[in-house]
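**Student:** File data_28.txt below, compact mmCIF, C-alpha atoms:
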```txt
# COMPACT_ATOMS: atom_id res chain seq x y z
CA MET Y 1 92.95 83.50 92.10
CA VAL Y 2 91.58 81.58 89.19
CA ASP Y 3 88.07 82.62 88.27
CA ALA Y 4 85.69 80.81 86.05
CA LEU Y 5 85.41 83.79 83.72
CA LYS Y 6 88.68 85.27 82.63
CA PRO Y 7 88.81 88.51 80.72
CA ASP Y 8 90.11 88.16 77.19
CA ALA Y 9 91.54 90.64 74.70
CA ALA Y 10 88.13 91.93 73.63
CA ALA Y 11 87.08 92.47 77.22
CA ALA Y 12 90.35 94.28 77.92
CA ALA Y 13 89.73 96.60 74.99
CA ARG Y 14 86.17 97.37 76.12
CA PHE Y 15 87.40 97.85 79.65
CA ARG Y 16 89.97 100.33 78.44
CA ALA Y 17 87.31 102.35 76.65
CA VAL Y 18 84.65 102.25 79.36
CA MET Y 19 86.56 102.23 82.64
CA LEU Y 20 89.96 103.79 82.07
CA PRO Y 21 88.57 107.32 81.58
CA HIS Y 22 87.55 107.16 85.27
CA LEU Y 23 91.01 106.39 86.56
CA ASP Y 24 91.43 109.88 87.99
CA ALA Y 25 88.24 109.41 90.02
CA VAL Y 26 89.39 105.97 91.13
CA TYR Y 27 92.72 107.33 92.28
CA GLY Y 28 91.18 110.43 93.83
CA PHE Y 29 88.75 108.39 95.92
CA ALA Y 30 91.50 105.97 96.92
CA ARG Y 31 93.61 108.98 97.87
CA TRP Y 32 90.99 110.25 100.27
CA LEU Y 33 90.28 106.81 101.69
CA THR Y 34 93.89 105.89 102.33
CA ARG Y 35 95.16 109.46 102.86
CA ASP Y 36 98.43 108.28 101.41
CA PRO Y 37 99.54 108.68 97.79
CA VAL Y 38 101.48 105.42 97.66
CA GLN Y 39 98.78 103.29 99.24
CA ALA Y 40 96.25 105.03 97.02
CA GLN Y 41 98.09 103.77 93.94
CA ASP Y 42 98.07 100.22 95.28
CA VAL Y 43 94.37 100.38 96.10
CA ALA Y 44 93.59 101.90 92.70
CA GLN Y 45 95.57 99.28 90.82
CA GLU Y 46 94.08 96.40 92.75
CA ALA Y 47 90.61 97.88 92.28
CA MET Y 48 91.10 98.19 88.53
CA LEU Y 49 92.24 94.57 88.36
CA ARG Y 50 89.20 93.46 90.32
CA ALA Y 51 87.00 95.60 88.10
CA LEU Y 52 88.45 93.87 85.08
CA ARG Y 53 87.80 90.50 86.66
CA TYR Y 54 84.18 91.41 87.37
CA PHE Y 55 83.75 93.29 84.12
CA HIS Y 56 81.58 90.53 82.70
CA ALA Y 57 79.05 91.44 85.38
CA PHE Y 58 78.98 95.09 84.34
CA ARG Y 59 75.62 95.72 82.74
CA GLY Y 60 76.14 99.12 81.25
CA GLU Y 61 75.06 101.07 84.30
CA GLU Y 62 77.07 104.17 85.14
CA ALA Y 63 80.72 103.26 85.18
CA ARG Y 64 82.02 105.68 87.78
CA PRO Y 65 79.86 104.60 90.75
CA TRP Y 66 80.40 100.98 89.73
CA LEU Y 67 84.17 101.49 89.89
CA LEU Y 68 84.10 103.54 93.08
CA ARG Y 69 82.21 100.78 94.81
CA ILE Y 70 85.02 98.38 93.91
CA VAL Y 71 87.60 100.90 95.11
CA ARG Y 72 85.82 101.15 98.41
CA ASN Y 73 85.55 97.39 98.85
CA THR Y 74 89.18 96.90 97.85
CA TRP Y 75 90.24 99.46 100.40
CA SER Y 76 88.23 97.89 103.22
CA ASP Y 77 89.62 94.45 102.36
CA LEU Y 78 93.19 95.72 102.39
CA ARG Y 79 92.56 97.55 105.61
CA ALA Y 80 91.11 94.45 107.21
CA ARG Y 81 94.12 92.47 106.03
CA LYS Y 82 96.54 94.97 107.48
CA GLY Y 83 94.68 95.25 110.76
CA ALA Y 84 92.96 98.59 110.23
CA ASN Y 85 95.86 100.85 111.02
CA ASP Y 86 94.92 104.31 109.96
CA GLN Y 87 97.57 106.28 108.21
CA SER Y 88 99.24 109.21 109.88
CA LEU Y 89 97.88 112.50 108.70
CA ASP Y 90 101.15 114.28 108.01
CA VAL Y 91 101.00 113.58 104.33
CA VAL Y 92 97.59 115.08 103.95
CA GLU Y 93 98.28 118.15 105.99
CA ASP Y 94 100.56 119.37 103.24
CA ARG Y 95 98.52 118.20 100.41
CA ALA Y 96 96.31 121.06 99.32
CA ALA Y 97 99.12 123.55 99.83
CA GLU Y 98 100.11 123.32 96.20
CA GLY Y 99 97.15 124.64 94.32
CA PRO Y 100 97.14 124.04 90.58
CA ASP Y 101 97.37 127.78 89.92
CA PRO Y 102 100.68 129.39 90.90
CA GLU Y 103 99.03 132.81 90.83
CA GLU Y 104 96.73 131.74 93.59
CA SER Y 105 96.64 133.91 96.66
CA ALA Y 106 98.35 132.55 99.72
CA LEU Y 107 95.12 132.98 101.58
CA ALA Y 108 93.16 130.66 99.30
CA GLY Y 109 95.98 128.11 99.44
CA ASP Y 110 95.98 128.32 103.16
CA ARG Y 111 92.25 127.85 103.35
CA ARG Y 112 92.40 124.83 101.09
CA ARG Y 113 95.04 123.27 103.22
CA HIS Y 114 92.87 123.68 106.27
CA VAL Y 115 89.83 122.29 104.52
CA ALA Y 116 91.77 119.30 103.23
CA ALA Y 117 93.17 118.67 106.69
CA ALA Y 118 89.73 118.94 108.27
CA LEU Y 119 88.29 116.46 105.80
CA ALA Y 120 91.24 114.11 106.24
CA ALA Y 121 90.83 114.22 109.99
CA LEU Y 122 87.25 112.91 109.86
CA PRO Y 123 86.52 109.25 110.56
CA ALA Y 124 86.36 107.13 107.42
CA GLU Y 125 82.59 106.85 107.52
CA SER Y 126 82.18 110.63 107.29
CA ARG Y 127 85.11 111.17 104.97
CA GLU Y 128 84.00 108.74 102.30
CA ILE Y 129 80.45 110.02 102.09
CA LEU Y 130 81.55 113.66 101.84
CA VAL Y 131 84.06 112.84 99.12
CA LEU Y 132 81.44 110.95 97.14
CA ARG Y 133 78.95 113.79 97.43
CA GLU Y 134 81.06 116.92 97.17
CA ILE Y 135 84.14 115.85 95.24
CA GLU Y 136 82.79 113.04 93.09
CA ASP Y 137 79.42 114.78 92.87
CA LEU Y 138 77.40 111.57 93.07
CA SER Y 139 73.66 111.51 93.66
CA TYR Y 140 72.22 109.92 96.81
CA LYS Y 141 71.23 106.93 94.75
CA HIS Y 142 74.75 106.40 93.48
CA ILE Y 143 76.28 106.98 96.90
CA ALA Y 144 73.88 104.36 98.22
CA SER Y 145 75.13 101.88 95.66
CA VAL Y 146 78.81 102.66 96.30
CA LEU Y 147 78.47 102.29 100.06
CA ASP Y 148 75.85 99.56 99.89
CA LEU Y 149 73.42 101.49 102.11
CA PRO Y 150 69.76 102.45 101.83
CA VAL Y 151 69.22 106.02 100.57
CA GLY Y 152 67.74 107.03 103.93
CA THR Y 153 70.94 106.03 105.68
CA VAL Y 154 72.96 107.95 103.10
CA MET Y 155 71.00 111.08 103.98
CA SER Y 156 71.40 110.75 107.73
CA ARG Y 157 75.06 109.81 107.44
CA LEU Y 158 75.74 112.73 105.14
CA ALA Y 159 74.05 115.14 107.54
CA ARG Y 160 76.15 113.80 110.41
CA ALA Y 161 79.32 114.03 108.32
CA ARG Y 162 78.58 117.66 107.49
CA GLU Y 163 78.11 118.49 111.13
CA LYS Y 164 81.42 116.86 111.97
CA LEU Y 165 83.20 118.69 109.20
CA ALA Y 166 81.72 122.01 110.33
CA VAL Y 167 83.13 121.40 113.80
CA GLU Y 168 86.54 120.51 112.38
CA LEU Y 169 86.54 123.54 110.13
CA ARG Y 170 85.61 125.94 112.89
CA GLY Y 171 88.50 124.56 114.86
CA ARG Y 172 90.95 125.08 112.03
CA LEU Y 173 89.82 128.16 110.19
CA GLY Y 174 89.60 131.52 111.81
CA ARG Y 175 86.20 133.13 111.76
CA ARG Y 176 87.40 135.54 109.08
CA ASP Y 177 87.67 133.53 105.94
CA HIS Y 178 85.74 130.31 106.14
CA GLY Y 179 82.45 131.86 105.13
CA LEU Y 180 80.68 129.74 107.70
CA PRO Y 181 78.29 131.64 109.89
CA ASP Y 182 78.64 131.09 113.61
CA VAL Y 183 76.05 129.06 115.38
CA MET V 1 55.85 123.86 106.08
CA ASP V 2 57.03 123.79 109.68
CA CYS V 3 60.62 124.42 110.60
CA PRO V 4 61.71 120.84 111.39
CA THR V 5 60.51 119.80 107.94
CA CYS V 6 62.24 122.70 106.33
CA GLU V 7 65.41 122.00 108.28
CA ALA V 8 65.41 118.39 107.20
CA MET V 9 65.23 119.49 103.59
CA VAL V 10 68.27 121.76 103.59
CA ASP V 11 70.73 119.05 102.67
CA ALA V 12 68.54 117.47 100.04
CA TYR V 13 67.94 120.92 98.58
CA ILE V 14 71.57 121.85 98.09
CA ASP V 15 72.32 118.33 96.92
CA GLY V 16 69.74 118.74 94.19
CA GLU V 17 67.72 115.79 95.42
CA LEU V 18 64.34 117.53 95.73
CA SER V 19 61.70 117.42 93.05
CA ALA V 20 60.70 120.72 91.46
CA THR V 21 57.57 120.88 93.62
CA GLU V 22 59.48 120.13 96.81
CA SER V 23 62.11 122.70 95.90
CA SER V 24 59.64 125.50 95.45
CA ALA V 25 57.79 124.55 98.64
CA PHE V 26 61.12 124.65 100.43
CA GLU V 27 62.05 128.03 98.96
CA THR V 28 58.72 129.48 100.04
CA ALA V 29 59.12 128.12 103.56
CA LEU V 30 62.61 129.52 103.69
CA THR V 31 61.47 133.12 103.45
CA GLY V 32 59.73 132.79 106.79
CA CYS V 33 62.50 130.89 108.53
CA PRO V 34 65.78 132.72 109.24
CA ASP V 35 67.23 129.69 111.04
CA CYS V 36 66.90 127.49 108.01
CA ARG V 37 68.26 130.24 105.77
CA ARG V 38 71.33 130.38 107.92
CA ARG V 39 71.63 126.62 107.83
CA LEU V 40 71.40 126.69 104.07
CA GLU V 41 74.10 129.35 103.83
CA GLU V 42 76.37 127.30 106.00
CA ALA V 43 75.80 124.12 104.03
CA ARG V 44 76.46 125.96 100.77
CA ALA V 45 79.64 127.52 102.08
CA MET V 46 80.96 124.19 103.22
CA SER V 47 80.08 122.51 99.97
CA GLY V 48 81.90 125.31 98.14
CA LEU V 49 85.00 124.83 100.26
CA LEU V 50 85.12 121.11 99.52
CA ARG V 51 84.52 121.60 95.85
CA GLU V 52 87.43 123.97 95.46
CA LEU V 53 89.90 121.38 96.76
CA PRO V 54 92.41 120.57 94.04
CA ALA V 55 92.18 117.01 92.71
CA ASP V 56 95.34 115.03 92.08
CA PRO V 57 95.14 113.25 88.75
CA ALA V 58 96.14 109.59 88.66
CA PRO V 59 99.95 109.42 88.52
CA ASP V 60 101.53 108.30 85.26
CA LEU V 61 103.12 105.38 87.02
CA LEU V 62 99.72 104.05 88.09
CA ARG V 63 98.39 104.48 84.58
CA ALA V 64 101.39 102.59 83.23
CA ARG V 65 100.90 99.78 85.74
CA ILE V 66 97.29 99.35 84.72
CA GLU V 67 98.13 99.52 81.03
CA ARG V 68 100.66 96.77 81.61
CA ASP V 69 98.02 94.62 83.31
CA LEU V 70 95.64 95.19 80.43
CA ARG V 71 98.24 94.37 77.81
CA ALA V 72 99.19 91.20 79.63
CA ILE V 73 95.57 90.09 79.56
CA ALA V 74 95.08 91.03 75.93
CA ALA V 75 98.16 88.99 75.04
CA ARG V 76 96.90 85.82 76.65
CA PRO V 77 95.27 83.43 74.21
CA ARG V 78 91.76 82.27 74.96
CA GLU V 79 92.66 78.61 75.07
CA ARG V 80 94.75 79.11 78.11
CA MET V 81 91.87 80.77 79.91
CA ARG V 82 89.78 77.67 79.63
CA TRP V 83 92.70 75.61 80.76
CA MET V 84 93.20 77.80 83.78
CA ALA V 85 89.62 77.24 84.87
CA MET V 86 90.19 73.54 84.46
CA ALA V 87 93.35 73.72 86.51
CA ALA V 88 91.35 75.34 89.27
CA SER V 89 88.99 72.41 89.51
CA LEU V 90 91.85 69.98 89.28
CA ILE V 91 93.64 71.56 92.19
CA VAL V 92 90.50 71.28 94.28
CA ALA V 93 90.25 67.61 93.41
CA LEU V 94 93.91 67.09 94.19
CA SER V 95 93.69 68.82 97.52
CA ILE V 96 90.70 66.77 98.58
CA GLY V 97 92.29 63.48 97.67
CA TRP V 98 95.61 64.41 99.05
CA VAL V 99 95.35 66.17 102.36
CA GLY V 100 97.94 65.01 104.81
CA GLY V 101 99.78 62.99 102.23
CA SER V 102 103.49 63.25 101.80
CA ILE V 103 104.46 65.18 98.72
CA THR V 104 107.75 63.41 98.50
CA GLY V 105 106.16 60.05 97.91
CA ARG V 106 104.61 58.70 94.78
CA GLY V 107 101.48 60.30 93.43
CA GLY V 108 102.73 63.78 94.21
CA PRO V 109 100.99 66.85 92.96
CA GLY V 110 100.65 67.16 89.22
CA GLU V 111 101.77 69.91 86.98
CA GLU V 112 98.46 71.66 87.49
CA ALA V 113 99.30 72.29 91.10
CA PHE V 114 102.49 74.10 90.18
CA VAL V 115 100.82 76.08 87.46
CA SER V 116 98.26 77.17 90.04
CA THR V 117 101.09 78.24 92.29
CA TYR V 118 102.53 80.21 89.42
CA LEU V 119 99.19 81.83 88.68
CA ARG V 120 98.83 82.89 92.29
CA VAL V 121 102.17 84.62 91.85
CA ALA V 122 101.72 86.02 88.36
CA ALA V 123 98.09 87.06 88.53
CA SER V 124 98.31 88.69 91.91
CA ASP V 125 99.27 92.21 92.81
CA HIS V 126 100.65 90.62 95.94
CA PRO V 127 103.01 88.11 94.36
CA VAL V 128 105.27 87.59 97.36
CA ASP V 129 104.82 87.56 101.12
CA VAL V 130 108.36 88.71 101.71
CA ALA V 131 109.74 91.00 99.05
CA SER V 132 113.49 91.20 98.89
CA THR V 133 116.37 90.49 96.57
CA ASP V 134 118.43 89.68 99.63
CA ARG V 135 118.63 85.98 100.42
CA HIS V 136 119.50 86.88 104.01
CA THR V 137 116.07 88.45 104.33
CA VAL V 138 114.12 85.86 102.41
CA LYS V 139 115.64 82.71 103.88
CA PRO V 140 115.05 83.56 107.56
CA TRP V 141 111.50 84.62 106.72
CA PHE V 142 110.64 80.98 106.12
CA ALA V 143 111.90 79.93 109.54
CA GLY V 144 108.96 79.02 111.75
CA ARG V 145 106.58 79.21 108.82
CA ILE V 146 107.53 75.89 107.31
CA ASP V 147 109.37 72.91 108.72
CA TYR V 148 112.45 73.16 106.52
CA SER V 149 114.86 75.77 105.32
CA PRO V 150 114.99 76.14 101.55
CA PRO V 151 118.19 77.24 99.83
CA VAL V 152 117.74 80.83 98.68
CA HIS V 153 119.93 82.55 96.10
CA ASP V 154 119.68 85.77 94.24
CA LEU V 155 120.39 85.15 90.56
CA THR V 156 120.56 88.77 89.40
CA SER V 157 123.92 88.24 87.75
CA GLU V 158 122.36 85.43 85.73
CA GLY V 159 119.40 87.52 84.65
CA PHE V 160 116.98 86.18 87.25
CA PRO V 161 116.80 88.62 90.15
CA LEU V 162 115.18 87.25 93.28
CA GLU V 163 111.93 89.04 93.99
CA GLY V 164 110.98 87.39 97.24
CA GLY V 165 109.26 84.40 98.70
CA ARG V 166 105.86 83.18 99.71
CA LEU V 167 104.12 80.16 101.10
CA ASP V 168 101.77 78.05 99.15
CA VAL V 169 99.87 74.88 99.76
CA VAL V 170 100.72 72.21 97.27
CA GLY V 171 98.99 68.89 97.64
CA GLY V 172 97.91 69.66 101.17
CA ARG V 173 101.30 70.64 102.44
CA LYS V 174 102.78 74.05 103.03
CA VAL V 175 105.75 74.62 100.77
CA SER V 176 108.17 77.46 100.17
CA VAL V 177 107.91 79.28 96.88
CA LEU V 178 110.67 81.56 95.63
CA VAL V 179 109.77 84.13 93.06
CA TYR V 180 112.28 85.26 90.47
CA ARG V 181 111.95 87.82 87.77
CA HIS V 182 113.16 87.53 84.21
CA ASN V 183 112.56 90.72 82.24
CA GLN V 184 108.79 91.17 82.49
CA HIS V 185 108.18 87.58 83.47
CA ARG V 186 108.08 85.81 86.78
CA VAL V 187 109.30 82.38 87.67
CA ALA V 188 107.66 80.60 90.60
CA LEU V 189 109.93 77.98 92.12
CA SER V 190 108.34 75.58 94.62
CA LEU V 191 110.85 73.52 96.51
CA TRP V 192 110.95 71.11 99.41
CA PRO V 193 113.39 68.55 100.80
CA THR V 194 113.36 65.01 99.55
CA ALA V 195 114.68 61.78 100.97
CA ALA V 196 115.74 60.63 97.52
CA SER V 197 119.43 60.96 96.91
CA GLY V 198 121.29 62.15 93.85
CA ASN V 199 120.63 64.97 91.46
CA THR V 200 118.55 64.76 88.33
CA ALA V 201 118.80 66.92 85.24
CA PRO V 202 116.03 69.50 84.88
CA LYS V 203 113.18 68.21 82.76
CA VAL V 204 111.67 71.15 80.90
CA VAL V 205 108.25 70.78 79.31
CA GLU V 206 105.71 73.14 77.81
CA ARG V 207 102.07 72.90 78.80
CA ASP V 208 99.35 75.16 77.48
CA GLY V 209 101.60 78.14 77.13
CA PHE V 210 103.45 77.63 80.39
CA THR V 211 106.94 76.30 80.76
CA LEU V 212 107.55 73.85 83.59
CA ALA V 213 110.76 72.40 84.91
CA GLU V 214 111.26 69.74 87.54
CA TRP V 215 114.44 68.32 88.90
CA ARG V 216 116.16 67.24 92.05
CA HIS V 217 119.21 69.00 93.35
CA ASP V 218 121.09 68.76 96.59
CA GLY V 219 118.29 67.02 98.45
CA PHE V 220 115.53 69.30 97.21
CA GLU V 221 112.69 68.70 94.81
CA MET V 222 112.43 71.68 92.50
CA HIS V 223 109.37 72.66 90.50
CA ALA V 224 109.55 75.83 88.47
CA VAL V 225 106.77 77.34 86.37
CA SER V 226 106.82 80.44 84.23
CA ASP V 227 105.77 81.83 80.89
CA ILE V 228 109.35 82.19 79.71
CA ALA V 229 110.77 80.14 76.82
CA PRO V 230 112.00 76.58 77.50
CA ASN V 231 115.66 77.50 76.85
CA GLU V 232 115.35 80.35 79.36
CA MET V 233 113.87 77.95 81.86
CA ALA V 234 116.79 75.59 81.31
CA ALA V 235 119.15 78.52 81.88
CA PHE V 236 117.30 79.36 85.09
CA ALA V 237 117.59 75.80 86.41
CA ALA V 238 121.27 75.66 85.53
CA ALA V 239 121.94 79.02 87.20
CA LEU V 240 120.15 77.84 90.32
CA ASP V 241 122.13 74.60 90.47
CA ARG V 242 125.38 76.50 90.05
CA ALA V 243 124.46 78.85 92.88
CA THR V 244 123.56 75.95 95.15
CA GLY V 245 126.73 74.13 94.21
CA ALA V 246 128.84 77.19 94.97
CA ASP V 247 127.39 77.18 98.48
CA ARG V 248 129.24 74.13 99.60
```
In structure tokens, write the structure found in this file.
**Tutor:**
Amino acid sequence: MVDALKPDAAAAARFRAVMLPHLDAVYGFARWLTRDPVQAQDVAQEAMLRALRYFHAFRGEEARPWLLRIVRNTWSDLRARKGANDQSLDVVEDRAAEGPDPEESALAGDRRRHVAAALAALPAESREILVLREIEDLSYKHIASVLDLPVGTVMSRLARAREKLAVELRGRLGRRDHGLPDV
Amino acid sequence: MDCPTCEAMVDAYIDGELSATESSAFETALTGCPDCRRRLEEARAMSGLLRELPADPAPDLLRARIERDLRAIAARPRERMRWMAMAASLIVALSIGWVGGSITGRGGPGEEAFVSTYLRVAASDHPVDVASTDRHTVKPWFAGRIDYSPPVHDLTSEGFPLEGGRLDVVGGRKVSVLVYRHNQHRVALSLWPTAASGNTAPKVVERDGFTLAEWRHDGFEMHAVSDIAPNEMAAFAAALDRATGADR
């Protein structure tokens, strides 16, 4: 627990300015990884603490991918510790039902719920890469650094993940409103 | 451009990963390739669906927890940091020289060992292995994990609610550690049975910003570490002794 380099007050202040603005992204990614709002908070908090501990090694690269990489590692460590039990999906099934806009049509809300459920149902390897690309909007290069993979592997994994999601979506959405052409 | 090439570029195209030259080559090829156009449409549609998913912002509670961590760090003086690093090397040295030794004998673990125990409690987001204010949960948890049964008491009425328990290795031996809370602070109490008889009064000392207490009560060696004030530590020790005394 005791590291050679301990953050001090100045480091905490810099950390607050540089890293804290990305807390929503940290939590959002943790939310998709864990698929559970409570676990997501634990992962996010632990990840932020680790980030603070390693902050001396931060060299001014882009903060968000740097943090998301720590989130991802924190999550896999916790999962390994707990024996890799994947969360039940009930929580997520309901999740996108409440859109931020109360005026929203029921149809759009419904579609979102199905899309969220389809994404949540994917294996972690597909889920994480899709979230990083489509929700966090990271470039291949940044995804590669978060997942610690070569860019070529990012591309092939992303393509596979998209295929899997398409299958899931076709199973969940009717042909009417998903906008996906049939194959 | 042949179709397999064009197909392979669909993802990179919508992900904005193609150079300007590659993009225009791809767009040209697309006009002659209905299959790839369809693929592109599909990929775009799916990307659009994912991007319209609502994002939950970080909950206020999480933000508050992180702010608390940051404030705690900002409040710690630098000196102590250096000391903590030193304590880390000391504990390594102690463990090496002391494996298999009896911690009840002379040359027991020094204060550093207990401070390290405290730091493992205070600096961790996983301060206890069994989290409960109920002694009837915490006490049995130790059974089978260590070779003795420590007295466990909740001291909520005295201002020191029991938070739970954990195991630690002190001087090469597994010991029980009880974690108590006092306002925003934690107290880590390491305890193990001793052959020595008689009780001793708690000896409270301050070391590098930490408050340590050691005493013997009812056949147990007690070592408490916290960042509370010495008089609070004395109150903690007294409350614990009263609770143990009331047991009999």
**Student:** What's around Lys139 of chain V at 12 Å? Count all atoms listed in the file, leave out sequence neighbours fewer than 4 positions away in its own chain, and write the answer as a ChimeraX atom specification.
**Tutor:** /V:130-135,143-146,148-154,162,164-166,176-178
**Student:** I need the residue nearest chain V from this list: Y:Pro65, Y:Leu49, Y:Asp36, Y:Ala17. Use only C-alpha atoms for the distance.
**Tutor:** Y:Leu49
**Student:** Quick one: distance from atom CA of Lys164 of chain Y to atom CA of Asp56 of chain V in Å, one decimal?
**Tutor:**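 Going from atom CA of Lys164 of chain Y over to atom CA of Asp56 of chain V covers 24.3 Å.
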**Student:** When you count only C-alpha atoms, which of these residues is closest to Ile73 of chain V: Y:Leu52, Y:Val115, Y:Gln45, Y:Val146?
**Tutor:**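 Ranked by minimum distance to Ile73 of chain V, first place goes to Y:Leu52.
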**Student:** Nearest residue to Met9 of chain V out of Y:Ser156, Y:Thr74, Y:Ser126, Y:Ser145, using only C-alpha atoms?
**Tutor:**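 Closest to Met9 of chain V, using only C-alpha atoms: Y:Ser156.
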**Student:** I'd like to know which of Y:Val131, Y:Leu147, Y:Ala57, Y:Val18 is closest to chain V, using all atoms listed in the file.
**Tutor:** Y:Val131
**Student:** My list of candidates is V:Arg44, V:Val115, V:Arg120, V:Ala25. Which is closest to chain Y when distances are computed with only C-alpha atoms?
**Tutor:**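 Counting only C-alpha atoms, the residue closest to chain Y is V:Arg120.
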**Student:** Atom CA of Arg111 of chain Y to atom CA of Leu50 of chain V: how many Å, to one decimal?
**Tutor:** 10.5 Å
**Student:** Under the rule that only C-alpha atoms are counted, which of V:Asp147, V:Glu22, V:Glu111, V:Glu41 is the nearest residue to chain Y?
**Tutor:**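 Ranking V:Asp147, V:Glu22, V:Glu111, V:Glu41 by distance to chain Y, first place goes to V:Glu41.
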**Student:** Between atom CA of Lys203 of chain V and atom CA of Ala234 of chain V, what distance in Å does the model show, to one decimal?
**Tutor:**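 Taking atom CA of Lys203 of chain V and atom CA of Ala234 of chain V, their separation equals 8.3 Å.
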**Student:** Quick one: residues within 8 Å of Asp24 of chain Y, all atoms listed in the file counted, chain neighbours fewer than 2 positions away excluded, as a PyMOL selection string?
**Tutor:** (chain Y and resi 21-22+26-28) or (chain V and resi 56-58)
**Student:** So which residues touch Asp148 of chain Y within 9 Å, counting all atoms listed in the file, skipping near sequence neighbours fewer than 4 positions away, as an MDAnalysis selection string?
**Tutor:** chainID Y and resid 69 143:144
